[in-house]
Amino acid sequence: MSRIAHLTSVHARNDTRIFLKQCRSLAAAGHDVTLVVADGLGEAQVDGVRQVDVGKARGRRDRMIGATRRVLKQARNLDADLYQIHDPELLPAALALRRSGKRVIFDAHEDLPAQILSKGYLPSYVRRPISLAAALFERLVCPRLSAVMTATPAIRDKFLRMGVKAFDINNFPILSELESQVAWADKRREVCYVGGISAIRGIRQVVAAMAQVRSGTRLNLVGTVGGAGLKPEIEASSGWANVNALGQLSRPEVRDVLGRSIAGLVTFLPEPNHIESQPNKMFEYMSAGIPVIASDFPLWREIIDGNHCGICVDPLNPKAIAAAIDRLVDNPDLARKMGENGRRAVLEQYNWDVEEKKLLDLYTKILSDR
């Protein structure tokens with residue numbers, strides 16, 4: 001049994017990728033797993049994983065500096081056999097742990113330089129210089145780590161080109177978690193969006209589309225709205241009258257929303273960090289057996305059209321989004337067939353069982369390296 005520490009100063013302690021999938025899988029495989037977080041909720045033991053809290057960050061500056069220092073201090077106290085960091089802010093901490101002889105993995109959830117180019121809170125004229133600096137920092141730090149784990153093959157390939165040991169562990173669904181028990185005939189005239197709600201994830205266009213649907217469909221909107229002024233703006237839109245604003249829900253509640261919905265939307269805008277991403281919600285919709293209405297990006301079209309499990313649209317075009325919603329709601333046999341195709345693809349390929357084996361194999365390899 002090895003002592004494993006997962007470190008984050010940003011993510012929630014129940015984060016789907018970090019806790020529900022990786023930490024629980026490692027604990028079930030017999031490892032002694034600790035998750036270090038910075039949320040102010042105290043210490044806990046959940047599903048065989050010890051959760052240690054270093055205190056909630058007080059603003060962005062404290063998150064970047066103070067919380068990072070507290071996480072590193074706690075990491076050193078744990079004296080683990082292997083550390084996995086989940087935030088770019090923790091790369092200096094990763095380097096410090098490596099200098100003390102520790103094995104360290106960086107889990108790159110996103111393509112950081114591309115993500116910076118889409119940061120709305122940064123003035124547009126500083127985004128590219130900061131993005132280039134982030135890319136340089138990755139090139140300096142990541143080759144010194146034990147490995148880099150990535151959420152998509154595209155990010156993996158970027159690190160491989162740097163000469164970094166990189167492995168993709170895709171954020172695919174846990175097979176049984178979101179499986180619907182609702183018969184298709186019992187579904188409502190509803191579609192859903194589940195996840196972080198922001199401008200670059202297309203919420204303006206989705207709400208505008210709800211003003212143009214002709215099928216009497218409502219949108220189940222699950223998640224928290226981010227961005228200054230965005231919430232009152234979309235609430236003032238005419239399409240808001242057709243929105244069920246459900247807020248943040250538990251995973252069982254999310255399963256129920258997916259179960260009663262006819263389709264799921266993931267119409268992110270064409271930002272640099274989105275084009276080759278693999279959003280978790282796309283595969284969760286497929287896992288729940290409902291068709292996906294997705295942005296018409298090449299990779300996404302390959303997945304959606306390749307498995308005949310949804311419709312790809314221009315995410316900037318509310319009329320196109322509305323037409324896709326109406327098509328699926330007005331053609332339940334088509335929607336049901338697409339949902340079945342998506343569910344089959346998840347059972348065969350896009351599931352956590354496959355990725356869990358890759359995760360455990362990677363840990364075995366790194367822990368055996370001297």
# chains A, B, ... in the order shown; residues from 1 in each chain; ligands from 1
$ residues_around --residues "segment 326-332 of chain A" --least-positions-apart "3" --cutoff "9 Å" --atoms "only C-alpha atoms" --output "ChimeraX atom specification"
/A:184-185,189-191,213-217,262-263,291,310-311,321-323,335-337
$ write_last_selection --atoms "C-alpha atoms" --output "short mmCIF file (atom, residue, chain, number, x, y, z; two decimals), in the first residue's frame"
data_model
loop_
_atom_site.label_atom_id
_atom_site.label_comp_id
_atom_site.auth_asym_id
_atom_site.auth_seq_id
_atom_site.Cartn_x
_atom_site.Cartn_y
_atom_site.Cartn_z
CA TRP A 184 -38.98 7.71 -22.76
CA ALA A 185 -42.76 8.14 -22.91
CA ARG A 189 -40.83 18.66 -23.05
CA GLU A 190 -37.58 19.74 -21.45
CA VAL A 191 -33.91 19.92 -22.39
CA VAL A 213 -38.36 27.33 -29.74
CA ARG A 214 -41.72 26.40 -31.21
CA SER A 215 -42.25 23.09 -29.39
CA GLY A 216 -43.15 24.49 -25.98
CA THR A 217 -39.88 23.20 -24.55
CA ILE A 262 -35.17 14.92 -23.88
CA ALA A 263 -31.71 16.28 -24.76
CA PRO A 291 -29.04 12.96 -27.33
CA GLY A 310 -26.99 14.07 -31.35
CA ILE A 311 -26.93 17.22 -33.44
CA ILE A 321 -29.89 25.86 -31.34
CA ALA A 322 -33.67 26.34 -31.17
CA ALA A 323 -34.17 24.35 -34.39
CA ALA A 335 -34.32 11.40 -29.98
CA ARG A 336 -34.72 8.03 -28.28
CA LYS A 337 -32.60 6.28 -30.94
#
$ closest_atom_pairs --of "segment 86-179 of chain A" --to "segment 280-283 of chain A" --cutoff "9 Å" --atoms "only C-alpha atoms" --output "Markdown table"
| residue | atom | partner | partner_atom | distance |
| --- | --- | --- | --- | --- |
| A:Asn170 | CA | A:Asn280 | CA | 8.9 |
| A:Asn171 | CA | A:Asn280 | CA | 6.0 |
| A:Phe172 | CA | A:Phe283 | CA | 6.3 |
| A:Pro173 | CA | A:Phe283 | CA | 6.4 |
$ select_by_dssp --residues "segment 219-269 of chain A" --states "strand (DSSP E or B)" --output "number ranges by chain"
A: 219-222, 225, 243-247, 263-266
$ write_last_selection --atoms "N, CA and C atoms" --output "compact mmCIF listing (two decimals), in the first residue's frame"
# COMPACT_ATOMS: atom_id res chain seq x y z
N LEU A 219 -36.06 24.80 -20.59
CA LEU A 219 -34.66 24.47 -20.33
C LEU A 219 -34.44 24.27 -18.83
N ASN A 220 -33.97 23.09 -18.45
CA ASN A 220 -33.53 22.84 -17.08
C ASN A 220 -32.08 23.29 -16.96
N LEU A 221 -31.86 24.40 -16.26
CA LEU A 221 -30.53 24.99 -16.16
C LEU A 221 -29.95 24.66 -14.78
N VAL A 222 -28.90 23.84 -14.78
CA VAL A 222 -28.31 23.35 -13.54
C VAL A 222 -26.89 23.89 -13.42
N VAL A 225 -24.13 30.53 -12.01
CA VAL A 225 -23.77 31.54 -13.03
C VAL A 225 -22.53 32.28 -12.57
N VAL A 243 -37.12 29.04 -18.86
CA VAL A 243 -35.99 28.43 -18.15
C VAL A 243 -36.42 28.01 -16.74
N ASN A 244 -36.10 26.77 -16.37
CA ASN A 244 -36.21 26.32 -14.99
C ASN A 244 -34.83 26.47 -14.36
N ALA A 245 -34.61 27.53 -13.60
CA ALA A 245 -33.30 27.79 -12.98
C ALA A 245 -33.20 26.96 -11.71
N LEU A 246 -32.45 25.86 -11.76
CA LEU A 246 -32.42 24.89 -10.67
C LEU A 246 -31.23 25.07 -9.74
N GLY A 247 -30.24 25.88 -10.12
CA GLY A 247 -29.09 26.10 -9.27
C GLY A 247 -28.19 24.89 -9.18
N ALA A 263 -33.04 16.08 -24.19
CA ALA A 263 -31.71 16.28 -24.76
C ALA A 263 -30.88 17.13 -23.81
N GLY A 264 -29.55 17.09 -23.99
CA GLY A 264 -28.63 17.90 -23.21
C GLY A 264 -27.84 18.82 -24.11
N LEU A 265 -27.62 20.05 -23.65
CA LEU A 265 -26.92 21.05 -24.45
C LEU A 265 -25.49 21.25 -23.95
N VAL A 266 -24.56 21.33 -24.89
CA VAL A 266 -23.18 21.71 -24.59
C VAL A 266 -22.68 22.53 -25.78
$ closest_residue --among "A:Ala209, A:Leu258, A:Ile275, A:Val141" --to "Asp111 of chain A" --atoms "only C-alpha atoms"
A:Ile275
$ residues_around --residues "segment 99-102 of chain A" --least-positions-apart "2" --cutoff "12 Å" --atoms "only C-alpha atoms" --output "PyMOL selection string"
chain A and resi 3-5+75-76+78-84+92-97+104-105+141+144-146+366-367+369-370
$ residues_around --residues "Gln212 of chain A" --least-positions-apart "5" --cutoff "8 Å" --atoms "only C-alpha atoms" --output "ChimeraX atom specification"
/A:239,318-319,322
$ residues_around --residues "Gln278 of chain A" --least-positions-apart "6" --cutoff "10 Å" --atoms "only C-alpha atoms" --output "number ranges by chain"
A: 110, 151-154, 170-172, 299-300, 303
$ residues_around --residues "Ala28 of chain A" --least-positions-apart "5" --cutoff "10 Å" --atoms "only C-alpha atoms" --output "PyMOL selection string"
chain A and resi 22-23+33+47-49
$ residues_around --residues "Asp305 of chain A" --least-positions-apart "3" --cutoff "12 Å" --atoms "only C-alpha atoms" --output "JSON, numbers by chain"
{"A": [291, 292, 293, 294, 295, 296, 297, 298, 299, 300, 301, 302, 308, 309, 310, 311, 312, 313, 338, 341, 342, 345]}
$ write_last_selection --atoms "N, CA and C atoms" --output "mmCIF file, in the first residue's frame"
data_model
loop_
_atom_site.group_PDB
_atom_site.id
_atom_site.type_symbol
_atom_site.label_atom_id
_atom_site.label_comp_id
_atom_site.auth_asym_id
_atom_site.auth_seq_id
_atom_site.Cartn_x
_atom_site.Cartn_y
_atom_site.Cartn_z
ATOM 1 N N PRO A 291 -29.865 12.400 -26.265
ATOM 2 C CA PRO A 291 -29.036 12.960 -27.327
ATOM 3 C C PRO A 291 -28.394 14.280 -26.906
ATOM 4 N N VAL A 292 -27.312 14.623 -27.595
ATOM 5 C CA VAL A 292 -26.529 15.807 -27.282
ATOM 6 C C VAL A 292 -26.705 16.853 -28.374
ATOM 7 N N ILE A 293 -26.935 18.091 -27.985
ATOM 8 C CA ILE A 293 -26.886 19.225 -28.906
ATOM 9 C C ILE A 293 -25.573 19.937 -28.610
ATOM 10 N N ALA A 294 -24.622 19.876 -29.540
ATOM 11 C CA ALA A 294 -23.248 20.280 -29.262
ATOM 12 C C ALA A 294 -22.734 21.280 -30.291
ATOM 13 N N SER A 295 -21.704 21.986 -29.902
ATOM 14 C CA SER A 295 -21.040 22.919 -30.816
ATOM 15 C C SER A 295 -20.420 22.159 -31.992
ATOM 16 N N ASP A 296 -20.440 22.792 -33.137
ATOM 17 C CA ASP A 296 -19.968 22.154 -34.364
ATOM 18 C C ASP A 296 -18.449 22.303 -34.495
ATOM 19 N N PHE A 297 -17.705 21.772 -33.516
ATOM 20 C CA PHE A 297 -16.251 21.719 -33.593
ATOM 21 C C PHE A 297 -15.858 20.384 -34.218
ATOM 22 N N PRO A 298 -14.744 20.316 -34.948
ATOM 23 C CA PRO A 298 -14.380 19.062 -35.638
ATOM 24 C C PRO A 298 -14.339 17.838 -34.728
ATOM 25 N N LEU A 299 -13.680 17.942 -33.563
ATOM 26 C CA LEU A 299 -13.590 16.790 -32.664
ATOM 27 C C LEU A 299 -14.967 16.412 -32.134
ATOM 28 N N TRP A 300 -15.756 17.428 -31.739
ATOM 29 C CA TRP A 300 -17.083 17.143 -31.207
ATOM 30 C C TRP A 300 -17.978 16.522 -32.265
ATOM 31 N N ARG A 301 -17.866 17.015 -33.510
ATOM 32 C CA ARG A 301 -18.672 16.429 -34.588
ATOM 33 C C ARG A 301 -18.259 14.982 -34.829
ATOM 34 N N GLU A 302 -16.961 14.711 -34.724
ATOM 35 C CA GLU A 302 -16.482 13.332 -34.901
ATOM 36 C C GLU A 302 -17.128 12.398 -33.870
ATOM 37 N N HIS A 308 -23.742 8.829 -33.998
ATOM 38 C CA HIS A 308 -25.156 9.114 -34.301
ATOM 39 C C HIS A 308 -25.950 9.360 -33.009
ATOM 40 N N CYS A 309 -25.392 10.257 -32.171
ATOM 41 C CA CYS A 309 -26.001 10.430 -30.850
ATOM 42 C C CYS A 309 -26.391 11.880 -30.563
ATOM 43 N N GLY A 310 -26.576 12.693 -31.594
ATOM 44 C CA GLY A 310 -26.994 14.068 -31.351
ATOM 45 C C GLY A 310 -26.900 14.936 -32.588
ATOM 46 N N ILE A 311 -26.937 16.237 -32.363
ATOM 47 C CA ILE A 311 -26.934 17.223 -33.444
ATOM 48 C C ILE A 311 -25.878 18.277 -33.125
ATOM 49 N N CYS A 312 -25.036 18.604 -34.100
ATOM 50 C CA CYS A 312 -24.053 19.669 -33.943
ATOM 51 C C CYS A 312 -24.572 20.951 -34.586
ATOM 52 N N VAL A 313 -24.367 22.075 -33.905
ATOM 53 C CA VAL A 313 -24.902 23.356 -34.366
ATOM 54 C C VAL A 313 -23.846 24.443 -34.215
ATOM 55 N N MET A 338 -31.144 8.228 -30.871
ATOM 56 C CA MET A 338 -29.858 8.894 -30.649
ATOM 57 C C MET A 338 -29.380 8.700 -29.215
ATOM 58 N N ASN A 341 -27.966 5.280 -28.880
ATOM 59 C CA ASN A 341 -26.648 5.196 -29.521
ATOM 60 C C ASN A 341 -25.567 5.785 -28.616
ATOM 61 N N GLY A 342 -25.873 6.907 -27.982
ATOM 62 C CA GLY A 342 -24.909 7.528 -27.085
ATOM 63 C C GLY A 342 -24.622 6.653 -25.883
ATOM 64 N N ALA A 345 -22.323 3.871 -26.861
ATOM 65 C CA ALA A 345 -20.941 4.317 -27.032
ATOM 66 C C ALA A 345 -20.239 4.461 -25.686
#
$ select_by_dssp --residues "segment 162-361 of chain A" --states "helix (DSSP H, G or I)" --output "VMD selection string"
chain A and resid 184 to 186 203 to 210 230 to 235 238 to 242 251 to 260 280 to 287 298 to 306 318 to 330 332 to 348 352 to 361
$ decode --residues "segment 10-64 of chain A" --atoms "C-alpha atoms" --output "mmCIF file, in the first residue's frame"
data_model
loop_
_atom_site.group_PDB
_atom_site.id
_atom_site.type_symbol
_atom_site.label_atom_id
_atom_site.label_comp_id
_atom_site.auth_asym_id
_atom_site.auth_seq_id
_atom_site.Cartn_x
_atom_site.Cartn_y
_atom_site.Cartn_z
ATOM 1 C CA VAL A 10 -9.056 25.588 -6.234
ATOM 2 C CA HIS A 11 -11.384 22.621 -6.701
ATOM 3 C CA ALA A 12 -14.167 21.409 -4.431
ATOM 4 C CA ARG A 13 -13.496 18.395 -2.226
ATOM 5 C CA ASN A 14 -16.240 16.458 -4.056
ATOM 6 C CA ASP A 15 -14.925 17.372 -7.526
ATOM 7 C CA THR A 16 -16.009 14.742 -10.044
ATOM 8 C CA ARG A 17 -12.614 14.164 -11.658
ATOM 9 C CA ILE A 18 -10.470 14.487 -8.547
ATOM 10 C CA PHE A 19 -12.518 12.883 -5.783
ATOM 11 C CA LEU A 20 -15.373 10.855 -7.268
ATOM 12 C CA LYS A 21 -13.157 9.213 -9.873
ATOM 13 C CA GLN A 22 -9.438 9.344 -9.138
ATOM 14 C CA CYS A 23 -9.231 9.439 -5.330
ATOM 15 C CA ARG A 24 -11.971 6.868 -4.795
ATOM 16 C CA SER A 25 -10.507 4.536 -7.435
ATOM 17 C CA LEU A 26 -7.062 4.709 -5.846
ATOM 18 C CA ALA A 27 -8.496 4.118 -2.360
ATOM 19 C CA ALA A 28 -10.526 1.141 -3.607
ATOM 20 C CA ALA A 29 -7.318 -0.287 -5.093
ATOM 21 C CA GLY A 30 -5.778 -0.307 -1.615
ATOM 22 C CA HIS A 31 -3.791 2.929 -1.510
ATOM 23 C CA ASP A 32 -3.778 5.277 1.487
ATOM 24 C CA VAL A 33 -5.262 8.390 -0.143
ATOM 25 C CA THR A 34 -5.385 11.938 1.229
ATOM 26 C CA LEU A 35 -7.015 14.849 -0.611
ATOM 27 C CA VAL A 36 -5.727 18.276 0.448
ATOM 28 C CA VAL A 37 -8.217 21.086 -0.244
ATOM 29 C CA ALA A 38 -8.640 24.771 0.615
ATOM 30 C CA ASP A 39 -12.352 25.222 1.263
ATOM 31 C CA GLY A 40 -12.752 25.978 4.987
ATOM 32 C CA LEU A 41 -14.954 22.909 5.575
ATOM 33 C CA GLY A 42 -12.578 21.050 7.875
ATOM 34 C CA GLU A 43 -11.304 17.488 7.900
ATOM 35 C CA ALA A 44 -13.373 14.456 6.876
ATOM 36 C CA GLN A 45 -13.118 10.808 5.859
ATOM 37 C CA VAL A 46 -15.275 9.886 2.852
ATOM 38 C CA ASP A 47 -15.282 6.620 0.862
ATOM 39 C CA GLY A 48 -11.853 5.669 2.172
ATOM 40 C CA VAL A 49 -10.340 9.065 1.328
ATOM 41 C CA ARG A 50 -9.064 11.407 4.029
ATOM 42 C CA GLN A 51 -9.898 15.044 3.231
ATOM 43 C CA VAL A 52 -7.596 17.644 4.825
ATOM 44 C CA ASP A 53 -8.475 21.354 4.715
ATOM 45 C CA VAL A 54 -5.833 24.129 4.790
ATOM 46 C CA GLY A 55 -8.394 26.940 5.017
ATOM 47 C CA LYS A 56 -10.422 28.808 2.444
ATOM 48 C CA ALA A 57 -8.572 31.349 0.308
ATOM 49 C CA ARG A 58 -9.457 34.997 0.866
ATOM 50 C CA GLY A 59 -9.628 36.252 -2.695
ATOM 51 C CA ARG A 60 -7.660 35.483 -5.852
ATOM 52 C CA ARG A 61 -4.308 36.738 -4.489
ATOM 53 C CA ASP A 62 -4.494 34.526 -1.404
ATOM 54 C CA ARG A 63 -5.508 31.583 -3.577
ATOM 55 C CA MET A 64 -2.493 32.079 -5.820
#
